[in-house]
Amino acid sequence: MTGLDSLTIHDPSRAVLWLLPEWLGRLSDSLTRLHLLDNCGSVTPGVLRSLAPPIRERVRSFALGISYSLTDDDVLDFLSQIPDIRHLDLRYYFQLKAPLTKPRLIHLRSFTVRHHSMFNRFEARFLCKWIRRIISSSPIETLRLISKDSEEAARQAVTLRFLDLGGAFVGLDSLRRLLGSCVSLEELHVASGEKVLRIFAEYAPRLTRLHTASFDICNVSRKKARAVAADEQLAGKIIRGGSPSLRRLVVNDICWEV
């Protein structure tokens with residue numbers, strides 16, 4: 001087994017995982033994508049640690065399905081050992097113990113999170129904190145949240161009510177897709193470029209349930225960010241002509257309320 005660029009294994013068994021580090025060693029000069037999908041219950045902390053050395057240098061895309069044998073810290077410790085990862089796909093499950101590890105994934109561009117439906121704000125906040133911990137050092141461009149209970153990602157977008165991406169930068173094209181698909185949003189917090197308010201003004205009337213919107217202006221000079229945040233005319237237009245439920249608009253800590 002040599003020369004492979006991509007390796008995908010569904011429901012990896014113990015027998016396969018026993019041999020996998022050896023296979024990865026043989027593929028270390030060519031493999032750039034390693035995806036372990038679906039039921040990954042046989043992936044224990046020891047197994048996961050054994051995968052890091054042979055993929056550390058070249059693998060840029062990694063996916064891991066569900067394994068209740070792994071804690072958040074097991075997964076985040078592993079990610080800390082592959083800091084050059086560009087594309088990441090993880091299965092999230094709720095854990096009461098908050099992780100201590102914060103990986104520095106300074107090249108991560110795309111992150112897909114697969115999870116069960118959130119039934120309350122408490123669970124949703126845990127998920128948001130988990131995502132922020134992973135992407136806190138990343139120039140993230142694409143963030144996908146896919147419900148395991150939904151056939152399509154679009155269905156999840158329609159039902160999403162609370163979205164807090166913290167300081168993770170959202171590009172303008174991604175922002176348009178987000179605002180165009182997440183029509184049930186009630187609270188929104190994102191960081192984006194200087195045109196974020198003008199784009200939001202276009203989509204706000206369709207977000208009929210949105211009562212709180214918060215934006216951080218990034219990737220511009222402080223002077224320009226302050227000017228955007230202090231644009232009372234645009235903020236007033238959004239408040240008056242935006243979502244009928246909108247009561248609070250925050251831009252770089254400047255707040256407008258009605």
# chains A, B, ... in the order shown; residues from 1 in each chain; ligands from 1
>>> select_by_dssp(residues="stretch 51-192 of chain A", states="alpha helix (DSSP H)", output="NGL selection string")
:A and (51-55 or 72-80 or 121-135 or 153-159 or 172-181)
>>> write_last_selection(atoms="C-alpha atoms", output="short mmCIF file (atom, residue, chain, number, x, y, z; two decimals), in the first residue's frame")
data_model
loop_
_atom_site.label_atom_id
_atom_site.label_comp_id
_atom_site.auth_asym_id
_atom_site.auth_seq_id
_atom_site.Cartn_x
_atom_site.Cartn_y
_atom_site.Cartn_z
CA LEU A 51 -2.08 8.04 14.40
CA ALA A 52 -0.46 11.43 14.93
CA PRO A 53 3.24 10.71 14.14
CA PRO A 54 2.77 9.24 10.64
CA ILE A 55 0.29 11.93 9.48
CA ASP A 72 -12.79 16.39 24.20
CA ASP A 73 -9.27 16.68 25.57
CA ASP A 74 -8.25 13.44 23.83
CA VAL A 75 -9.38 14.87 20.50
CA LEU A 76 -7.95 18.36 21.09
CA ASP A 77 -4.61 16.94 22.27
CA PHE A 78 -4.49 14.96 19.02
CA LEU A 79 -5.27 18.04 16.94
CA SER A 80 -2.46 19.90 18.69
CA ARG A 121 -29.75 27.02 24.94
CA PHE A 122 -27.52 25.33 27.53
CA GLU A 123 -26.50 22.59 25.09
CA ALA A 124 -26.13 25.08 22.25
CA ARG A 125 -23.75 27.23 24.31
CA PHE A 126 -21.58 24.21 25.11
CA LEU A 127 -21.35 23.46 21.40
CA CYS A 128 -20.47 27.07 20.57
CA LYS A 129 -17.73 27.13 23.22
CA TRP A 130 -16.33 23.84 21.88
CA ILE A 131 -16.22 25.23 18.34
CA ARG A 132 -14.62 28.51 19.47
CA ARG A 133 -11.93 26.60 21.36
CA ILE A 134 -10.97 24.70 18.21
CA ILE A 135 -11.01 27.64 15.78
CA ALA A 153 -27.42 20.55 6.14
CA ALA A 154 -30.02 22.93 4.71
CA ARG A 155 -32.62 21.62 7.10
CA GLN A 156 -30.32 22.40 10.03
CA ALA A 157 -29.82 25.92 8.74
CA VAL A 158 -33.58 26.45 8.65
CA THR A 159 -33.98 25.37 12.30
CA LEU A 172 -18.74 38.16 3.12
CA ASP A 173 -19.81 35.38 0.74
CA SER A 174 -20.19 32.99 3.67
CA LEU A 175 -22.12 35.67 5.56
CA ARG A 176 -24.56 36.00 2.67
CA ARG A 177 -25.12 32.24 2.61
CA LEU A 178 -25.55 32.18 6.38
CA LEU A 179 -28.10 35.01 6.44
CA GLY A 180 -29.91 33.59 3.45
CA SER A 181 -30.33 30.09 4.88
#
>>> residues_around(residues="stretch 25-39 of chain A", least_positions_apart="4", cutoff="6 Å", atoms="only C-alpha atoms", output="ChimeraX atom specification")
/A:2-11,54,58-66
>>> write_last_selection(atoms="N, CA, C and O atoms", output="PDB file, in the first residue's frame")
ATOM      1  N   THR A   2       1.075   1.811  -1.182  1.00  0.00           N
ATOM      2  CA  THR A   2       1.898   3.013  -1.301  1.00  0.00           C
ATOM      3  C   THR A   2       1.267   3.960  -2.311  1.00  0.00           C
ATOM      4  O   THR A   2       0.473   3.562  -3.162  1.00  0.00           O
ATOM      5  N   GLY A   3       1.627   5.233  -2.219  1.00  0.00           N
ATOM      6  CA  GLY A   3       1.215   6.203  -3.219  1.00  0.00           C
ATOM      7  C   GLY A   3      -0.178   6.770  -3.073  1.00  0.00           C
ATOM      8  O   GLY A   3      -0.572   7.615  -3.873  1.00  0.00           O
ATOM      9  N   LEU A   4      -0.937   6.350  -2.070  1.00  0.00           N
ATOM     10  CA  LEU A   4      -2.293   6.865  -1.905  1.00  0.00           C
ATOM     11  C   LEU A   4      -2.274   8.311  -1.438  1.00  0.00           C
ATOM     12  O   LEU A   4      -1.486   8.689  -0.572  1.00  0.00           O
ATOM     13  N   ASP A   5      -3.197   9.117  -2.003  1.00  0.00           N
ATOM     14  CA  ASP A   5      -3.352  10.502  -1.589  1.00  0.00           C
ATOM     15  C   ASP A   5      -4.440  10.644  -0.528  1.00  0.00           C
ATOM     16  O   ASP A   5      -4.364  11.510   0.337  1.00  0.00           O
ATOM     17  N   SER A   6      -5.458   9.782  -0.588  1.00  0.00           N
ATOM     18  CA  SER A   6      -6.604   9.885   0.303  1.00  0.00           C
ATOM     19  C   SER A   6      -6.995   8.504   0.815  1.00  0.00           C
ATOM     20  O   SER A   6      -7.012   7.532   0.052  1.00  0.00           O
ATOM     21  N   LEU A   7      -7.326   8.428   2.110  1.00  0.00           N
ATOM     22  CA  LEU A   7      -7.756   7.161   2.711  1.00  0.00           C
ATOM     23  C   LEU A   7      -8.991   7.427   3.557  1.00  0.00           C
ATOM     24  O   LEU A   7      -8.965   8.224   4.491  1.00  0.00           O
ATOM     25  N   THR A   8     -10.100   6.755   3.224  1.00  0.00           N
ATOM     26  CA  THR A   8     -11.360   6.875   3.962  1.00  0.00           C
ATOM     27  C   THR A   8     -11.790   5.500   4.442  1.00  0.00           C
ATOM     28  O   THR A   8     -11.856   4.553   3.653  1.00  0.00           O
ATOM     29  N   ILE A   9     -12.070   5.394   5.735  1.00  0.00           N
ATOM     30  CA  ILE A   9     -12.495   4.127   6.328  1.00  0.00           C
ATOM     31  C   ILE A   9     -13.794   4.360   7.086  1.00  0.00           C
ATOM     32  O   ILE A   9     -13.850   5.193   7.999  1.00  0.00           O
ATOM     33  N   HIS A  10     -14.840   3.637   6.728  1.00  0.00           N
ATOM     34  CA  HIS A  10     -16.116   3.715   7.425  1.00  0.00           C
ATOM     35  C   HIS A  10     -16.173   2.641   8.514  1.00  0.00           C
ATOM     36  O   HIS A  10     -15.772   1.491   8.285  1.00  0.00           O
ATOM     37  N   ASP A  11     -16.663   3.020   9.689  1.00  0.00           N
ATOM     38  CA  ASP A  11     -16.817   2.074  10.811  1.00  0.00           C
ATOM     39  C   ASP A  11     -15.543   1.263  11.043  1.00  0.00           C
ATOM     40  O   ASP A  11     -15.554   0.026  10.976  1.00  0.00           O
ATOM     41  N   PRO A  54       2.636   9.456  12.083  1.00  0.00           N
ATOM     42  CA  PRO A  54       2.767   9.241  10.642  1.00  0.00           C
ATOM     43  C   PRO A  54       2.001  10.236   9.770  1.00  0.00           C
ATOM     44  O   PRO A  54       2.269  10.315   8.564  1.00  0.00           O
ATOM     45  N   ARG A  58       2.213  15.585   6.421  1.00  0.00           N
ATOM     46  CA  ARG A  58       1.590  15.830   5.118  1.00  0.00           C
ATOM     47  C   ARG A  58       0.066  15.938   5.138  1.00  0.00           C
ATOM     48  O   ARG A  58      -0.516  16.611   4.280  1.00  0.00           O
ATOM     49  N   VAL A  59      -0.592  15.275   6.070  1.00  0.00           N
ATOM     50  CA  VAL A  59      -2.058  15.253   6.029  1.00  0.00           C
ATOM     51  C   VAL A  59      -2.625  16.643   6.300  1.00  0.00           C
ATOM     52  O   VAL A  59      -2.268  17.293   7.282  1.00  0.00           O
ATOM     53  N   ARG A  60      -3.512  17.092   5.405  1.00  0.00           N
ATOM     54  CA  ARG A  60      -4.124  18.414   5.520  1.00  0.00           C
ATOM     55  C   ARG A  60      -5.632  18.342   5.749  1.00  0.00           C
ATOM     56  O   ARG A  60      -6.258  19.366   6.024  1.00  0.00           O
ATOM     57  N   SER A  61      -6.213  17.152   5.601  1.00  0.00           N
ATOM     58  CA  SER A  61      -7.645  16.983   5.804  1.00  0.00           C
ATOM     59  C   SER A  61      -7.864  15.760   6.691  1.00  0.00           C
ATOM     60  O   SER A  61      -7.393  14.669   6.382  1.00  0.00           O
ATOM     61  N   PHE A  62      -8.608  15.979   7.803  1.00  0.00           N
ATOM     62  CA  PHE A  62      -8.833  14.883   8.758  1.00  0.00           C
ATOM     63  C   PHE A  62     -10.292  14.870   9.181  1.00  0.00           C
ATOM     64  O   PHE A  62     -10.891  15.926   9.433  1.00  0.00           O
ATOM     65  N   ALA A  63     -10.867  13.676   9.252  1.00  0.00           N
ATOM     66  CA  ALA A  63     -12.245  13.511   9.709  1.00  0.00           C
ATOM     67  C   ALA A  63     -12.305  12.376  10.720  1.00  0.00           C
ATOM     68  O   ALA A  63     -11.609  11.367  10.586  1.00  0.00           O
ATOM     69  N   LEU A  64     -13.161  12.546  11.730  1.00  0.00           N
ATOM     70  CA  LEU A  64     -13.326  11.532  12.770  1.00  0.00           C
ATOM     71  C   LEU A  64     -14.798  11.440  13.149  1.00  0.00           C
ATOM     72  O   LEU A  64     -15.419  12.448  13.498  1.00  0.00           O
ATOM     73  N   GLY A  65     -15.342  10.231  13.091  1.00  0.00           N
ATOM     74  CA  GLY A  65     -16.725   9.993  13.465  1.00  0.00           C
ATOM     75  C   GLY A  65     -16.896   9.913  14.973  1.00  0.00           C
ATOM     76  O   GLY A  65     -16.040  10.343  15.742  1.00  0.00           O
ATOM     77  N   ILE A  66     -17.983   9.294  15.410  1.00  0.00           N
ATOM     78  CA  ILE A  66     -18.324   9.280  16.823  1.00  0.00           C
ATOM     79  C   ILE A  66     -17.592   8.178  17.580  1.00  0.00           C
ATOM     80  O   ILE A  66     -17.542   7.028  17.140  1.00  0.00           O
TER      81      ILE A  66
END
>>> closest_residue(among="A:Glu187, A:Ser67, A:Leu20, A:Ile239", to="A:Trp256", atoms="only C-alpha atoms")
A:Ile239
>>> residues_around(residues="A:Arg86", least_positions_apart="4", cutoff="10 Å", atoms="only C-alpha atoms", output="PDB file with all heavy atoms, in the first residue's frame")
ATOM      1  N   VAL A  59      -0.592  15.275   6.070  1.00  0.00           N
ATOM      2  CA  VAL A  59      -2.058  15.253   6.029  1.00  0.00           C
ATOM      3  C   VAL A  59      -2.625  16.643   6.300  1.00  0.00           C
ATOM      4  O   VAL A  59      -2.268  17.293   7.282  1.00  0.00           O
ATOM      5  CB  VAL A  59      -2.619  14.222   7.036  1.00  0.00           C
ATOM      6  CG1 VAL A  59      -4.118  14.419   7.239  1.00  0.00           C
ATOM      7  CG2 VAL A  59      -2.358  12.808   6.528  1.00  0.00           C
ATOM      8  N   ARG A  60      -3.512  17.092   5.405  1.00  0.00           N
ATOM      9  CA  ARG A  60      -4.124  18.414   5.520  1.00  0.00           C
ATOM     10  C   ARG A  60      -5.632  18.342   5.749  1.00  0.00           C
ATOM     11  O   ARG A  60      -6.258  19.366   6.024  1.00  0.00           O
ATOM     12  CB  ARG A  60      -3.843  19.238   4.250  1.00  0.00           C
ATOM     13  CG  ARG A  60      -2.345  19.470   3.986  1.00  0.00           C
ATOM     14  CD  ARG A  60      -1.736  20.330   5.078  1.00  0.00           C
ATOM     15  NE  ARG A  60      -0.309  20.570   4.868  1.00  0.00           N
ATOM     16  CZ  ARG A  60       0.658  19.897   5.458  1.00  0.00           C
ATOM     17  NH1 ARG A  60       0.360  18.913   6.307  1.00  0.00           N
ATOM     18  NH2 ARG A  60       1.925  20.164   5.226  1.00  0.00           N
ATOM     19  N   SER A  61      -6.213  17.152   5.601  1.00  0.00           N
ATOM     20  CA  SER A  61      -7.645  16.983   5.804  1.00  0.00           C
ATOM     21  C   SER A  61      -7.864  15.760   6.691  1.00  0.00           C
ATOM     22  O   SER A  61      -7.393  14.669   6.382  1.00  0.00           O
ATOM     23  CB  SER A  61      -8.356  16.787   4.458  1.00  0.00           C
ATOM     24  OG  SER A  61      -9.743  16.539   4.655  1.00  0.00           O
ATOM     25  N   PHE A  62      -8.608  15.979   7.803  1.00  0.00           N
ATOM     26  CA  PHE A  62      -8.833  14.883   8.758  1.00  0.00           C
ATOM     27  C   PHE A  62     -10.292  14.870   9.181  1.00  0.00           C
ATOM     28  O   PHE A  62     -10.891  15.926   9.433  1.00  0.00           O
ATOM     29  CB  PHE A  62      -7.940  15.045   9.984  1.00  0.00           C
ATOM     30  CG  PHE A  62      -8.150  13.975  11.020  1.00  0.00           C
ATOM     31  CD1 PHE A  62      -7.639  12.707  10.832  1.00  0.00           C
ATOM     32  CD2 PHE A  62      -8.868  14.240  12.183  1.00  0.00           C
ATOM     33  CE1 PHE A  62      -7.835  11.705  11.779  1.00  0.00           C
ATOM     34  CE2 PHE A  62      -9.073  13.249  13.136  1.00  0.00           C
ATOM     35  CZ  PHE A  62      -8.557  11.984  12.927  1.00  0.00           C
ATOM     36  N   ILE A  82      -1.205  17.885  15.059  1.00  0.00           N
ATOM     37  CA  ILE A  82      -1.253  18.033  13.603  1.00  0.00           C
ATOM     38  C   ILE A  82      -1.657  19.476  13.265  1.00  0.00           C
ATOM     39  O   ILE A  82      -2.704  19.716  12.661  1.00  0.00           O
ATOM     40  CB  ILE A  82      -2.212  17.007  12.961  1.00  0.00           C
ATOM     41  CG1 ILE A  82      -3.594  17.034  13.638  1.00  0.00           C
ATOM     42  CG2 ILE A  82      -1.634  15.615  13.016  1.00  0.00           C
ATOM     43  CD1 ILE A  82      -4.636  16.177  12.907  1.00  0.00           C
ATOM     44  N   LEU A 105      -4.554  25.810  15.640  1.00  0.00           N
ATOM     45  CA  LEU A 105      -4.692  25.347  14.259  1.00  0.00           C
ATOM     46  C   LEU A 105      -4.645  26.565  13.337  1.00  0.00           C
ATOM     47  O   LEU A 105      -5.659  27.027  12.819  1.00  0.00           O
ATOM     48  CB  LEU A 105      -6.001  24.569  14.094  1.00  0.00           C
ATOM     49  CG  LEU A 105      -6.168  23.388  15.061  1.00  0.00           C
ATOM     50  CD1 LEU A 105      -7.506  22.700  14.833  1.00  0.00           C
ATOM     51  CD2 LEU A 105      -5.024  22.392  14.919  1.00  0.00           C
ATOM     52  N   ILE A 106      -3.440  27.081  13.133  1.00  0.00           N
ATOM     53  CA  ILE A 106      -3.276  28.372  12.466  1.00  0.00           C
ATOM     54  C   ILE A 106      -3.475  28.296  10.955  1.00  0.00           C
ATOM     55  O   ILE A 106      -3.462  29.341  10.284  1.00  0.00           O
ATOM     56  CB  ILE A 106      -1.896  28.981  12.781  1.00  0.00           C
ATOM     57  CG1 ILE A 106      -0.772  28.051  12.312  1.00  0.00           C
ATOM     58  CG2 ILE A 106      -1.769  29.262  14.270  1.00  0.00           C
ATOM     59  CD1 ILE A 106       0.605  28.647  12.465  1.00  0.00           C
ATOM     60  N   HIS A 107      -3.686  27.089  10.406  1.00  0.00           N
ATOM     61  CA  HIS A 107      -3.925  26.950   8.971  1.00  0.00           C
ATOM     62  C   HIS A 107      -5.335  26.437   8.667  1.00  0.00           C
ATOM     63  O   HIS A 107      -5.666  26.257   7.490  1.00  0.00           O
ATOM     64  CB  HIS A 107      -2.898  25.998   8.359  1.00  0.00           C
ATOM     65  CG  HIS A 107      -1.476  26.423   8.538  1.00  0.00           C
ATOM     66  ND1 HIS A 107      -0.943  27.538   7.916  1.00  0.00           N
ATOM     67  CD2 HIS A 107      -0.469  25.907   9.291  1.00  0.00           C
ATOM     68  CE1 HIS A 107       0.323  27.679   8.267  1.00  0.00           C
ATOM     69  NE2 HIS A 107       0.629  26.710   9.101  1.00  0.00           N
ATOM     70  N   LEU A 108      -6.141  26.228   9.682  1.00  0.00           N
ATOM     71  CA  LEU A 108      -7.464  25.628   9.481  1.00  0.00           C
ATOM     72  C   LEU A 108      -8.388  26.582   8.724  1.00  0.00           C
ATOM     73  O   LEU A 108      -8.657  27.696   9.177  1.00  0.00           O
ATOM     74  CB  LEU A 108      -8.087  25.256  10.824  1.00  0.00           C
ATOM     75  CG  LEU A 108      -9.422  24.511  10.752  1.00  0.00           C
ATOM     76  CD1 LEU A 108      -9.237  23.141  10.108  1.00  0.00           C
ATOM     77  CD2 LEU A 108     -10.026  24.365  12.146  1.00  0.00           C
ATOM     78  N   ARG A 109      -8.902  26.129   7.581  1.00  0.00           N
ATOM     79  CA  ARG A 109      -9.771  26.947   6.737  1.00  0.00           C
ATOM     80  C   ARG A 109     -11.224  26.478   6.772  1.00  0.00           C
ATOM     81  O   ARG A 109     -12.134  27.285   6.610  1.00  0.00           O
ATOM     82  CB  ARG A 109      -9.281  26.896   5.283  1.00  0.00           C
ATOM     83  CG  ARG A 109      -7.848  27.358   5.085  1.00  0.00           C
ATOM     84  CD  ARG A 109      -7.755  28.842   5.080  1.00  0.00           C
ATOM     85  NE  ARG A 109      -6.381  29.307   4.878  1.00  0.00           N
ATOM     86  CZ  ARG A 109      -6.030  30.577   4.820  1.00  0.00           C
ATOM     87  NH1 ARG A 109      -6.943  31.509   4.949  1.00  0.00           N
ATOM     88  NH2 ARG A 109      -4.779  30.932   4.654  1.00  0.00           N
ATOM     89  N   SER A 110     -11.426  25.179   6.923  1.00  0.00           N
ATOM     90  CA  SER A 110     -12.764  24.615   6.833  1.00  0.00           C
ATOM     91  C   SER A 110     -13.000  23.660   7.999  1.00  0.00           C
ATOM     92  O   SER A 110     -12.172  22.795   8.273  1.00  0.00           O
ATOM     93  CB  SER A 110     -12.915  23.861   5.503  1.00  0.00           C
ATOM     94  OG  SER A 110     -14.126  23.135   5.466  1.00  0.00           O
ATOM     95  N   PHE A 111     -14.141  23.829   8.684  1.00  0.00           N
ATOM     96  CA  PHE A 111     -14.462  22.997   9.841  1.00  0.00           C
ATOM     97  C   PHE A 111     -15.923  22.575   9.741  1.00  0.00           C
ATOM     98  O   PHE A 111     -16.824  23.422   9.683  1.00  0.00           O
ATOM     99  CB  PHE A 111     -14.211  23.781  11.131  1.00  0.00           C
ATOM    100  CG  PHE A 111     -14.413  22.979  12.398  1.00  0.00           C
ATOM    101  CD1 PHE A 111     -14.267  21.600  12.423  1.00  0.00           C
ATOM    102  CD2 PHE A 111     -14.745  23.615  13.587  1.00  0.00           C
ATOM    103  CE1 PHE A 111     -14.448  20.870  13.588  1.00  0.00           C
ATOM    104  CE2 PHE A 111     -14.928  22.902  14.760  1.00  0.00           C
ATOM    105  CZ  PHE A 111     -14.778  21.528  14.755  1.00  0.00           C
ATOM    106  N   SER A 138      -7.586  30.133  14.213  1.00  0.00           N
ATOM    107  CA  SER A 138      -7.682  29.733  12.811  1.00  0.00           C
ATOM    108  C   SER A 138      -8.210  30.845  11.906  1.00  0.00           C
ATOM    109  O   SER A 138      -9.111  31.585  12.302  1.00  0.00           O
ATOM    110  CB  SER A 138      -8.618  28.521  12.683  1.00  0.00           C
ATOM    111  OG  SER A 138      -8.218  27.465  13.535  1.00  0.00           O
ATOM    112  N   PRO A 139      -7.681  30.927  10.665  1.00  0.00           N
ATOM    113  CA  PRO A 139      -8.233  31.846   9.652  1.00  0.00           C
ATOM    114  C   PRO A 139      -9.424  31.170   8.967  1.00  0.00           C
ATOM    115  O   PRO A 139      -9.441  30.988   7.753  1.00  0.00           O
ATOM    116  CB  PRO A 139      -7.049  32.043   8.698  1.00  0.00           C
ATOM    117  CG  PRO A 139      -6.333  30.723   8.746  1.00  0.00           C
ATOM    118  CD  PRO A 139      -6.486  30.223  10.178  1.00  0.00           C
ATOM    119  N   ILE A 140     -10.428  30.813   9.743  1.00  0.00           N
ATOM    120  CA  ILE A 140     -11.518  29.969   9.251  1.00  0.00           C
ATOM    121  C   ILE A 140     -12.310  30.681   8.156  1.00  0.00           C
ATOM    122  O   ILE A 140     -12.582  31.876   8.241  1.00  0.00           O
ATOM    123  CB  ILE A 140     -12.450  29.553  10.420  1.00  0.00           C
ATOM    124  CG1 ILE A 140     -13.291  28.326  10.070  1.00  0.00           C
ATOM    125  CG2 ILE A 140     -13.286  30.710  10.904  1.00  0.00           C
ATOM    126  CD1 ILE A 140     -12.528  27.048  10.127  1.00  0.00           C
TER     127      ILE A 140
END
>>> closest_residue(among="A:Thr71, A:Phe200, A:Gly41, A:Gln81", to="A:Glu57", atoms="only C-alpha atoms")
A:Gln81
>>> residues_around(residues="A:Leu207", least_positions_apart="3", cutoff="12 Å", atoms="only C-alpha atoms", output="number ranges by chain")
A: 158, 160-161, 178-188, 200-204, 210-213, 238, 241-246
>>> closest_residue(among="A:Ser192, A:Leu96, A:Arg56, A:Val250", to="A:Glu232", atoms="only C-alpha atoms")
A:Val250
>>> atom_distance(atom1="atom CA of A:Ile146", atom2="atom CA of A:Arg91")
9.5 Å
>>> select_by_dssp(residues="stretch 121-206 of chain A", states="strand (DSSP E)", output="PyMOL selection string")
chain A and resi 142-147+162-169+187-192
>>> atom_distance(atom1="atom CA of A:Thr142", atom2="atom CA of A:Arg104")
17.3 Å
>>> residues_around(residues="A:Val196", least_positions_apart="5", cutoff="10 Å", atoms="only C-alpha atoms", output="list in words")
Val170, Gly171, Leu172, Leu175, Arg176, Val190, Ala191, Ala201, Phe215, Asp216, Ile217, Cys218, Val228 and Val251 of chain A
>>> atom_distance(atom1="atom CA of A:Val113", atom2="atom CA of A:Val47")
21.6 Å
>>> closest_residue(among="A:Asp253, A:Asp84, A:Asp231, A:Asp89", to="A:His115", atoms="only C-alpha atoms")
A:Asp89
>>> decode(residues="stretch 217-228 of chain A", atoms="N, CA, C and O atoms", output="compact mmCIF listing (two decimals), in the first residue's frame")
# COMPACT_ATOMS: atom_id res chain seq x y z
N ILE A 217 -16.29 44.06 13.70
CA ILE A 217 -15.68 44.44 12.44
C ILE A 217 -14.19 44.10 12.50
O ILE A 217 -13.46 44.59 13.36
N CYS A 218 -13.75 43.24 11.57
CA CYS A 218 -12.36 42.74 11.61
C CYS A 218 -11.67 43.00 10.27
O CYS A 218 -12.30 43.35 9.28
N ASN A 219 -10.35 42.81 10.29
CA ASN A 219 -9.52 42.87 9.09
C ASN A 219 -9.56 44.24 8.41
O ASN A 219 -9.43 44.33 7.18
N VAL A 220 -9.79 45.29 9.19
CA VAL A 220 -9.70 46.66 8.69
C VAL A 220 -8.98 47.49 9.75
O VAL A 220 -8.78 47.04 10.88
N SER A 221 -8.60 48.71 9.39
CA SER A 221 -7.93 49.57 10.35
C SER A 221 -8.89 49.93 11.48
O SER A 221 -10.12 49.89 11.32
N ARG A 222 -8.34 50.29 12.63
CA ARG A 222 -9.17 50.66 13.76
C ARG A 222 -10.04 51.87 13.43
O ARG A 222 -11.21 51.94 13.83
N LYS A 223 -9.48 52.80 12.68
CA LYS A 223 -10.23 54.01 12.31
C LYS A 223 -11.44 53.65 11.48
O LYS A 223 -12.56 54.14 11.70
N LYS A 224 -11.26 52.76 10.49
CA LYS A 224 -12.37 52.38 9.63
C LYS A 224 -13.39 51.55 10.40
O LYS A 224 -14.60 51.71 10.21
N ALA A 225 -12.91 50.67 11.28
CA ALA A 225 -13.83 49.87 12.09
C ALA A 225 -14.69 50.75 12.98
O ALA A 225 -15.90 50.52 13.12
N ARG A 226 -14.08 51.80 13.57
CA ARG A 226 -14.84 52.73 14.41
C ARG A 226 -15.87 53.49 13.59
O ARG A 226 -16.99 53.74 14.05
N ALA A 227 -15.50 53.85 12.36
CA ALA A 227 -16.42 54.59 11.50
C ALA A 227 -17.64 53.74 11.14
O ALA A 227 -18.77 54.22 11.15
N VAL A 228 -17.39 52.47 10.83
CA VAL A 228 -18.50 51.56 10.51
C VAL A 228 -19.40 51.37 11.73
O VAL A 228 -20.62 51.42 11.64
